[in-house]
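Peer 1: Have a peek at entry-v2.txt (compact mmCIF, C-alpha atoms).
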```txt
# COMPACT_ATOMS: atom_id res chain seq x y z
CA MET A 1 11.15 -6.25 142.87
CA ALA A 2 13.93 -7.30 145.28
CA ALA A 3 12.98 -6.14 148.76
CA LYS A 4 15.80 -5.22 151.12
CA ARG A 5 15.60 -6.95 154.44
CA PRO A 6 17.57 -7.74 157.60
CA THR A 7 17.84 -11.21 159.14
CA ARG A 8 14.56 -13.08 158.67
CA LYS A 9 12.41 -13.63 161.76
CA ALA A 10 9.28 -15.65 162.30
CA SER A 11 6.06 -14.17 163.65
CA ARG A 12 5.82 -13.63 167.37
CA ILE A 13 3.48 -12.28 170.06
CA THR A 14 4.39 -9.35 172.33
CA GLU A 15 2.31 -8.82 175.46
CA LEU A 16 1.82 -5.29 176.77
CA SER A 17 0.04 -3.90 179.82
CA HIS A 18 -3.76 -3.76 180.02
CA GLY A 19 -3.94 -7.18 178.36
CA PHE A 20 -2.90 -6.00 174.88
CA ARG A 21 -1.20 -8.46 172.54
CA VAL A 22 0.72 -7.55 169.39
CA ARG A 23 1.59 -10.00 166.65
CA THR A 24 4.49 -9.34 164.30
CA TYR A 25 5.10 -11.26 161.08
CA GLU A 26 7.81 -13.22 159.33
CA LEU A 27 9.83 -10.83 157.19
CA PRO A 28 9.45 -11.21 153.42
CA PRO A 29 12.31 -13.23 151.87
CA ALA A 30 14.78 -11.84 149.37
CA GLY A 31 13.14 -11.42 145.98
CA PHE A 32 9.62 -11.25 147.44
CA ASN A 33 7.32 -9.33 145.09
CA PRO A 34 4.04 -8.13 146.63
CA LEU A 35 2.65 -7.34 143.16
CA THR A 36 2.63 -11.02 142.19
CA ALA A 37 2.44 -12.73 145.60
CA SER A 38 -0.63 -14.79 146.43
CA PRO A 39 -3.20 -13.41 148.91
CA ARG A 40 -2.08 -16.10 151.35
CA LYS A 41 1.56 -14.98 151.14
CA LEU A 42 0.58 -11.33 151.63
CA LEU A 43 -1.33 -12.27 154.78
CA HIS A 44 1.57 -14.45 155.99
CA HIS A 45 3.95 -11.47 155.88
CA GLY A 46 1.47 -8.98 157.36
CA LEU A 47 0.83 -7.02 154.16
CA PRO A 48 -2.60 -5.55 153.39
CA ALA A 49 -4.76 -7.41 150.90
CA ARG A 50 -4.41 -6.46 147.23
CA PRO A 51 -7.48 -4.40 146.17
CA ASP A 52 -9.55 -5.60 143.25
CA ALA A 53 -8.59 -3.60 140.16
CA ARG A 54 -12.10 -3.87 138.77
CA THR A 55 -14.15 -2.78 141.78
CA ALA A 56 -11.57 -0.45 143.38
CA PRO A 57 -9.30 0.86 140.60
CA GLU A 58 -8.21 4.04 142.46
CA LEU A 59 -7.28 2.08 145.56
CA ARG A 60 -5.46 -0.54 143.48
CA LYS A 61 -3.30 2.18 141.88
CA ILE A 62 -2.29 3.42 145.33
CA TRP A 63 -1.56 -0.14 146.50
CA ASP A 64 0.52 -0.93 143.40
CA ARG A 65 2.52 2.27 143.76
CA GLU A 66 3.11 1.66 147.46
CA PHE A 67 4.33 -1.91 147.06
CA SER A 68 6.29 -1.53 143.83
CA ARG A 69 9.14 0.21 145.68
CA PRO A 70 11.95 -1.84 147.25
CA ARG A 71 11.78 -1.66 151.04
CA THR A 72 13.68 -2.50 154.20
CA TRP A 73 11.26 -4.67 156.15
CA ILE A 74 11.71 -4.73 159.92
CA THR A 75 10.24 -6.67 162.80
CA PRO A 76 9.03 -3.77 164.97
CA VAL A 77 10.37 -3.44 168.48
CA PHE A 78 7.88 -1.90 170.90
CA LEU A 79 8.55 0.40 173.83
CA GLU A 80 5.52 1.11 176.01
CA VAL A 81 5.74 4.61 177.48
CA LYS A 82 3.71 4.88 180.66
CA GLY A 83 2.32 8.28 181.56
CA ARG A 84 1.98 9.37 177.92
CA SER A 85 -1.38 8.97 176.22
CA HIS A 86 -3.51 10.21 173.38
CA GLY A 87 -7.25 9.77 173.30
CA PRO A 88 -10.69 10.66 171.99
CA ALA A 89 -11.56 14.18 170.91
CA ARG A 90 -12.35 16.43 173.84
CA ILE A 91 -14.81 19.17 173.07
CA SER A 92 -14.10 22.80 173.77
CA GLY A 93 -16.20 25.10 175.92
CA ARG A 94 -18.66 26.00 173.16
CA PRO A 95 -21.30 23.28 172.86
CA ARG A 96 -22.50 24.45 169.45
CA ALA A 97 -19.03 23.80 168.03
CA GLY A 98 -18.20 20.64 169.90
CA LEU A 99 -17.66 17.17 168.46
CA SER A 100 -20.34 14.53 168.88
CA LYS A 101 -21.43 11.31 167.18
CA SER A 102 -24.71 12.79 166.04
CA SER A 103 -23.30 15.82 164.24
CA LEU A 104 -20.17 17.50 163.05
CA THR A 105 -20.32 21.23 162.46
CA ALA A 106 -18.42 23.27 159.91
CA ASN A 107 -16.72 25.13 162.78
CA ALA A 108 -16.08 22.14 165.09
CA THR A 109 -13.50 22.63 167.82
CA SER A 110 -11.60 20.40 170.23
CA THR A 111 -9.12 21.04 173.01
CA ASN A 112 -6.75 18.26 171.89
CA TRP A 113 -7.44 17.49 168.19
CA SER A 114 -7.19 19.45 164.97
CA GLY A 115 -7.57 18.09 161.47
CA SER A 116 -10.30 16.26 159.60
CA VAL A 117 -12.88 13.93 161.17
CA ALA A 118 -15.16 11.88 158.93
CA GLY A 119 -18.24 10.27 160.42
CA PRO A 120 -20.54 8.86 161.32
CA PRO A 121 -20.82 6.43 158.36
CA PRO A 122 -24.15 5.47 156.76
CA ALA A 123 -26.48 3.19 158.70
CA ASN A 124 -25.32 -0.42 159.06
CA ARG A 125 -21.80 0.41 157.83
CA THR A 126 -18.56 1.13 159.68
CA PHE A 127 -15.10 2.38 158.82
CA ALA A 128 -12.99 -0.63 157.85
CA TRP A 129 -9.68 1.06 157.06
CA ILE A 130 -7.96 4.42 156.85
CA GLU A 131 -4.76 5.65 155.26
CA GLY A 132 -2.82 8.86 154.99
CA GLN A 133 0.57 10.40 154.36
CA TRP A 134 2.23 13.38 156.03
CA THR A 135 5.57 15.18 156.35
CA VAL A 136 7.11 15.04 159.82
CA PRO A 137 7.49 18.62 161.10
CA ASN A 138 10.52 20.14 162.80
CA PRO A 139 9.11 21.27 166.16
CA HIS A 140 10.06 24.52 167.85
CA ALA A 141 9.66 25.66 171.46
CA PRO A 142 7.86 29.01 171.76
CA ALA A 143 9.48 29.53 175.19
CA ILE A 144 11.26 27.65 177.98
CA GLY A 145 9.41 24.40 178.75
CA ASN A 146 8.16 21.15 177.23
CA TYR A 147 5.99 21.05 174.11
CA TYR A 148 4.36 18.15 172.26
CA ALA A 149 2.69 17.42 168.93
CA ALA A 150 1.49 14.15 167.41
CA GLU A 151 0.56 13.55 163.77
CA TRP A 152 -1.57 10.49 163.09
CA VAL A 153 -4.40 8.68 161.36
CA GLY A 154 -6.98 6.73 163.33
CA ILE A 155 -10.37 5.14 163.70
CA ASP A 156 -12.93 6.03 166.41
CA GLY A 157 -12.63 8.62 169.16
CA LEU A 158 -15.53 10.78 168.00
CA GLY A 159 -17.92 10.66 170.94
CA SER A 160 -16.55 7.24 171.94
CA SER A 161 -14.03 6.05 174.51
CA ASP A 162 -12.14 3.80 172.09
CA VAL A 163 -9.70 5.01 169.47
CA LEU A 164 -6.91 3.30 167.51
CA GLN A 165 -4.20 5.69 166.34
CA ALA A 166 -0.78 5.41 164.71
CA GLY A 167 1.64 8.07 163.59
CA THR A 168 4.57 10.21 164.67
CA GLY A 169 5.48 12.30 167.68
CA THR A 170 7.40 15.58 167.47
CA ASP A 171 8.30 16.81 170.94
CA ILE A 172 10.71 19.50 172.11
CA SER A 173 12.12 20.28 175.54
CA TRP A 174 13.83 23.57 176.28
CA ALA A 175 15.37 23.60 179.74
CA GLY A 176 18.95 24.63 179.06
CA ILE A 177 20.83 26.53 176.39
CA TYR A 178 19.75 24.33 173.49
CA PRO A 179 16.32 22.76 172.94
CA GLN A 180 16.16 18.96 172.66
CA THR A 181 13.99 17.58 169.85
CA TYR A 182 12.46 14.09 169.85
CA THR A 183 10.81 12.49 166.80
CA TYR A 184 9.50 8.93 166.78
CA ALA A 185 6.87 6.53 165.43
CA TRP A 186 4.15 5.28 167.78
CA TRP A 187 0.72 3.67 168.06
CA GLU A 188 -1.99 3.49 170.72
CA TRP A 189 -5.32 1.74 171.23
CA LEU A 190 -7.06 2.94 174.36
CA PRO A 191 -6.74 2.08 177.18
CA SER A 192 -3.14 1.15 176.32
CA ASN A 193 -0.28 3.58 176.83
CA GLU A 194 1.57 5.20 173.97
CA VAL A 195 3.77 2.53 172.33
CA TRP A 196 6.88 3.60 170.46
CA ILE A 197 8.25 1.63 167.50
CA SER A 198 11.82 2.03 168.64
CA ASN A 199 13.56 0.62 165.55
CA LEU A 200 11.65 2.72 163.00
CA PRO A 201 13.76 5.91 162.77
CA VAL A 202 11.94 9.19 162.10
CA LEU A 203 13.47 12.60 161.40
CA PRO A 204 11.95 16.02 160.65
CA GLY A 205 11.22 16.27 156.94
CA ASP A 206 10.60 12.54 156.49
CA ILE A 207 7.42 11.53 154.69
CA MET A 208 5.36 8.97 156.62
CA TYR A 209 2.60 6.67 155.39
CA CYS A 210 0.18 4.74 157.58
CA LEU A 211 -2.64 2.30 156.84
CA ILE A 212 -4.88 0.86 159.56
CA CYS A 213 -7.11 -2.10 158.65
CA VAL A 214 -9.89 -3.29 160.97
CA ASN A 215 -9.94 -7.09 160.77
CA SER A 216 -12.73 -7.36 163.34
CA PRO A 217 -13.96 -5.16 166.21
CA THR A 218 -11.21 -6.71 168.35
CA THR A 219 -8.26 -6.96 165.95
CA ALA A 220 -6.59 -4.45 163.64
CA THR A 221 -3.44 -4.42 161.53
CA VAL A 222 -1.21 -1.36 161.35
CA TYR A 223 1.09 -0.83 158.38
CA ILE A 224 3.49 2.11 158.83
CA SER A 225 6.35 3.21 156.60
CA ASN A 226 8.94 5.93 156.51
CA GLN A 227 8.64 6.78 152.82
CA SER A 228 11.90 8.73 152.86
CA THR A 229 13.99 5.75 154.02
CA LEU A 230 11.55 2.98 152.98
CA VAL A 231 11.89 1.32 156.39
CA THR A 232 8.56 -0.45 156.87
CA ALA A 233 6.75 -2.38 159.61
CA SER A 234 3.42 -4.11 160.05
CA PHE A 235 1.78 -5.69 163.09
CA THR A 236 -1.63 -6.79 164.36
CA VAL A 237 -3.04 -5.62 167.69
CA THR A 238 -5.56 -7.45 169.87
CA PRO A 239 -6.79 -5.36 172.84
CA GLN A 240 -7.83 -6.36 176.32
CA LYS A 241 -11.15 -8.13 176.82
CA GLY A 242 -14.03 -5.69 176.62
CA THR A 243 -12.27 -3.25 174.28
CA SER A 244 -13.49 -3.02 170.69
CA LEU A 245 -13.70 -0.62 167.77
CA ALA A 246 -17.04 0.82 166.74
CA GLY A 247 -15.79 2.06 163.37
CA SER A 248 -17.83 5.20 163.87
CA SER A 249 -15.30 7.79 162.67
CA ALA A 250 -12.06 8.19 160.72
CA GLU A 251 -9.49 10.88 161.45
CA TRP A 252 -6.39 12.65 160.15
CA VAL A 253 -5.16 14.67 163.11
CA VAL A 254 -2.51 16.79 164.80
CA GLU A 255 -2.91 16.36 168.56
CA ARG A 256 -1.47 17.71 171.79
CA ILE A 257 -1.06 14.72 174.06
CA MET A 258 -1.53 14.02 177.77
CA VAL A 259 1.52 13.48 180.00
CA ASN A 260 0.97 12.13 183.52
CA GLY A 261 -2.70 13.03 183.27
CA ALA A 262 -2.13 16.68 182.31
CA GLN A 263 -2.82 18.42 179.01
CA THR A 264 0.45 19.45 177.35
CA LYS A 265 1.31 22.58 175.41
CA LEU A 266 1.35 22.29 171.62
CA ALA A 267 4.79 22.31 169.99
CA ASP A 268 5.25 24.90 167.26
CA TYR A 269 5.10 22.56 164.27
CA LYS A 270 4.71 25.45 161.76
CA VAL A 271 2.93 23.55 158.93
CA VAL A 272 1.93 19.92 158.39
CA TYR A 273 0.42 18.54 155.18
CA PHE A 274 -1.70 15.38 155.13
CA ASP A 275 -2.34 13.86 151.72
CA GLU A 276 -3.79 10.67 150.20
CA GLY A 277 -6.32 10.91 153.03
CA ILE A 278 -8.96 8.26 152.35
CA ALA A 279 -10.94 5.73 154.40
CA GLY A 280 -13.09 2.77 153.39
CA LEU A 281 -16.45 1.47 154.58
CA SER A 282 -17.24 -2.12 155.50
CA GLY A 283 -20.16 -4.09 154.07
CA GLY A 284 -22.17 -3.20 150.98
CA PRO A 285 -20.64 -1.89 147.74
CA PHE A 286 -17.08 -0.55 147.66
CA GLU A 287 -17.08 3.03 148.88
CA ILE A 288 -14.37 5.40 150.09
CA VAL A 289 -14.58 8.58 152.15
CA THR A 290 -12.02 11.32 151.54
CA LEU A 291 -10.32 13.57 154.02
CA GLY A 292 -11.96 16.57 152.38
CA SER A 293 -15.46 15.21 152.97
CA GLY A 294 -14.85 15.18 156.73
CA SER A 295 -15.39 18.04 159.13
CA PRO A 296 -12.46 20.44 159.69
CA VAL A 297 -11.65 20.60 163.41
CA THR A 298 -9.78 23.51 165.01
CA MET A 299 -7.82 22.92 168.22
CA THR A 300 -8.55 25.55 170.86
CA GLY A 301 -6.85 26.52 174.10
CA ASN A 302 -7.24 29.19 176.75
CA ASN A 303 -10.33 31.38 176.23
CA ASP A 304 -11.20 29.25 173.17
CA ALA A 305 -8.28 30.75 171.26
CA PRO A 306 -7.37 28.75 168.11
CA LEU A 307 -4.11 26.80 168.44
CA SER A 308 -4.05 24.68 165.28
CA VAL A 309 -6.21 25.20 162.20
CA PRO A 310 -6.85 22.92 159.19
CA THR A 311 -7.49 24.03 155.62
CA PHE A 312 -8.68 21.61 152.92
CA GLU A 313 -6.60 22.10 149.77
CA THR A 314 -8.19 19.26 147.76
CA SER A 315 -10.44 16.29 148.52
CA GLN A 316 -7.40 14.31 149.76
CA LEU A 317 -5.01 17.08 150.87
CA MET A 318 -5.11 19.12 154.07
CA LYS A 319 -2.82 21.87 155.34
CA MET A 320 -2.43 22.30 159.11
CA ASN A 321 -1.17 25.60 160.58
CA TRP A 322 0.18 26.18 164.09
CA LEU A 323 -0.98 29.43 165.73
CA LYS A 324 -0.07 29.20 169.44
CA ASP A 325 0.79 26.66 172.15
CA SER A 326 -2.04 26.86 174.71
```
Let me see the structure of the file written as structure tokens.
Peer 2:
Amino acid sequence: MAAKRPTRKASRITELSHGFRVRTYELPPAGFNPLTASPRKLLHHGLPARPDARTAPELRKIWDREFSRPRTWITPVFLEVKGRSHGPARISGRPRAGLSKSSLTANATSTNWSGSVAGPPPANRTFAWIEGQWTVPNPHAPAIGNYYAAEWVGIDGLGSSDVLQAGTGTDISWAGIYPQTYTYAWWEWLPSNEVWISNLPVLPGDIMYCLICVNSPTTATVYISNQSTLVTASFTVTPQKGTSLAGSSAEWVVERIMVNGAQTKLADYKVVYFDEGIAGLSGGPFEIVTLGSGSPVTMTGNNDAPLSVPTFETSQLMKMNWLKDS
């Protein structure tokens, strides 16, 4: 496989606010073939480890399919956006349906999340990685104003203050005659701000893929790809001292974000599909958790009215429907 690539660049460290550091990797050379590259070479270029075909055949098939396609590898350029943030699930006004570490109910609700939340894992095990694929929606504005939606996969945030997320944003602002739409790729690890990947173009209708691997409680590698254009980036994040991942939950989510400390209105995203939704557990025998085995979470707004509702189509496929903005 001959991978497409721009000018080759060595690895580097980018420092962000709150003490976060991001490492990018040397781009793969022309002719680089992930299917035959050594584990050391995969690590050198920031690619996820090749799963064992004997112990994890399903995962190996996904890995082989993902890396058999020629790609345009980029060194991601980061733009930290202050005042914009995501965050842990916030429970709605009904305690019986709220999200907590100890239990997830069949009718769980949240004021900022909707989707599937898997967790907590079995005793003495944590979530080690998560992946998923989704189609970027074309947002609409229900009325004059600003509306926001974020589609992502992540680890933690269920009853915890830490959460690592990566995905896409689909915002729309309607202040004049014509609404302005903004679509972009981003990541965030609390307490960092939202960080855009400014050189990874995203358009409505594009298919996105994201894999997050937890290297340790204080380092994680994000692999994100626009499957429609095959522009691909990977990078490793180290947070500020005192911040770590618990690995207590895995999520596939549509979220309404916070802007300048205020809860935003949810953009009319119509429908979003998440597929290939699986997560893996650390320690012990190889074991995966599917999106469909998680708890469906409905986003609620004023008077506990549903805003965004998930439906599980298969064990790895979820359909999200927009109902209203707030």
Peer 1: Show me, as a PyMOL selection string, the residues that have an atom within 6 Å of Thr183 of chain A when counting all atoms listed in the file, minus same-chain residues fewer than 5 positions from it.
Peer 2: chain A and resi 169-170+202
Peer 1: Find the residues near Lys319 of chain A: any atom within 6 Å, counting only C-alpha atoms, skip ones fewer than 6 places away on the same chain, and give them as a short mmCIF file (atom, residue, chain, number, x, y, z; two decimals) with C-alpha atoms, keeping the file's coordinate frame.
Peer 2:
```cif
data_model
loop_
_atom_site.label_atom_id
_atom_site.label_comp_id
_atom_site.auth_asym_id
_atom_site.auth_seq_id
_atom_site.Cartn_x
_atom_site.Cartn_y
_atom_site.Cartn_z
CA VAL A 272 1.93 19.92 158.39
CA TYR A 273 0.42 18.54 155.18
CA PRO A 310 -6.85 22.92 159.19
CA THR A 311 -7.49 24.03 155.62
#
```
Peer 1: Could you name the residues that touch Gly292 of chain A at 6 Å or less, counting all atoms listed in the file, but leaving out those on the same chain fewer than 2 positions away, as JSON, numbers by chain?
Peer 2: {"A": [290, 294, 315, 316]}
Peer 1: Between A:Pro122, A:Pro306, A:Gly159, A:Pro48, which one has atoms that come closest to Gly284 of chain A, using all atoms listed in the file?
Peer 2: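 The closest residue to Gly284 of chain A is A:Pro122.
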Peer 1: Sorted by chain and rising residue number, list the residues of segment 56-84 of chain A at most 9 Å from segment 187-193 of chain A (counting all atoms listed in the file), each with its closest atom pair and distance in Å to one decimal, as a tab-separated table.
Peer 2:
```
residue	atom	partner	partner_atom	distance
A:Glu80	CA	A:Asn193	CA	6.4
A:Val81	CA	A:Asn193	CA	6.1
A:Lys82	CA	A:Asn193	CA	5.7
A:Gly83	CA	A:Asn193	CA	7.2
A:Arg84	CA	A:Asn193	CA	6.3
```
Peer 1: Between A:Phe20, A:Trp134, A:Phe127, A:Tyr178, which has the minimum distance to Ser225 of chain A (counting only C-alpha atoms)?
Peer 2: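 With only C-alpha atoms as the atom set, the closest residue is A:Trp134.
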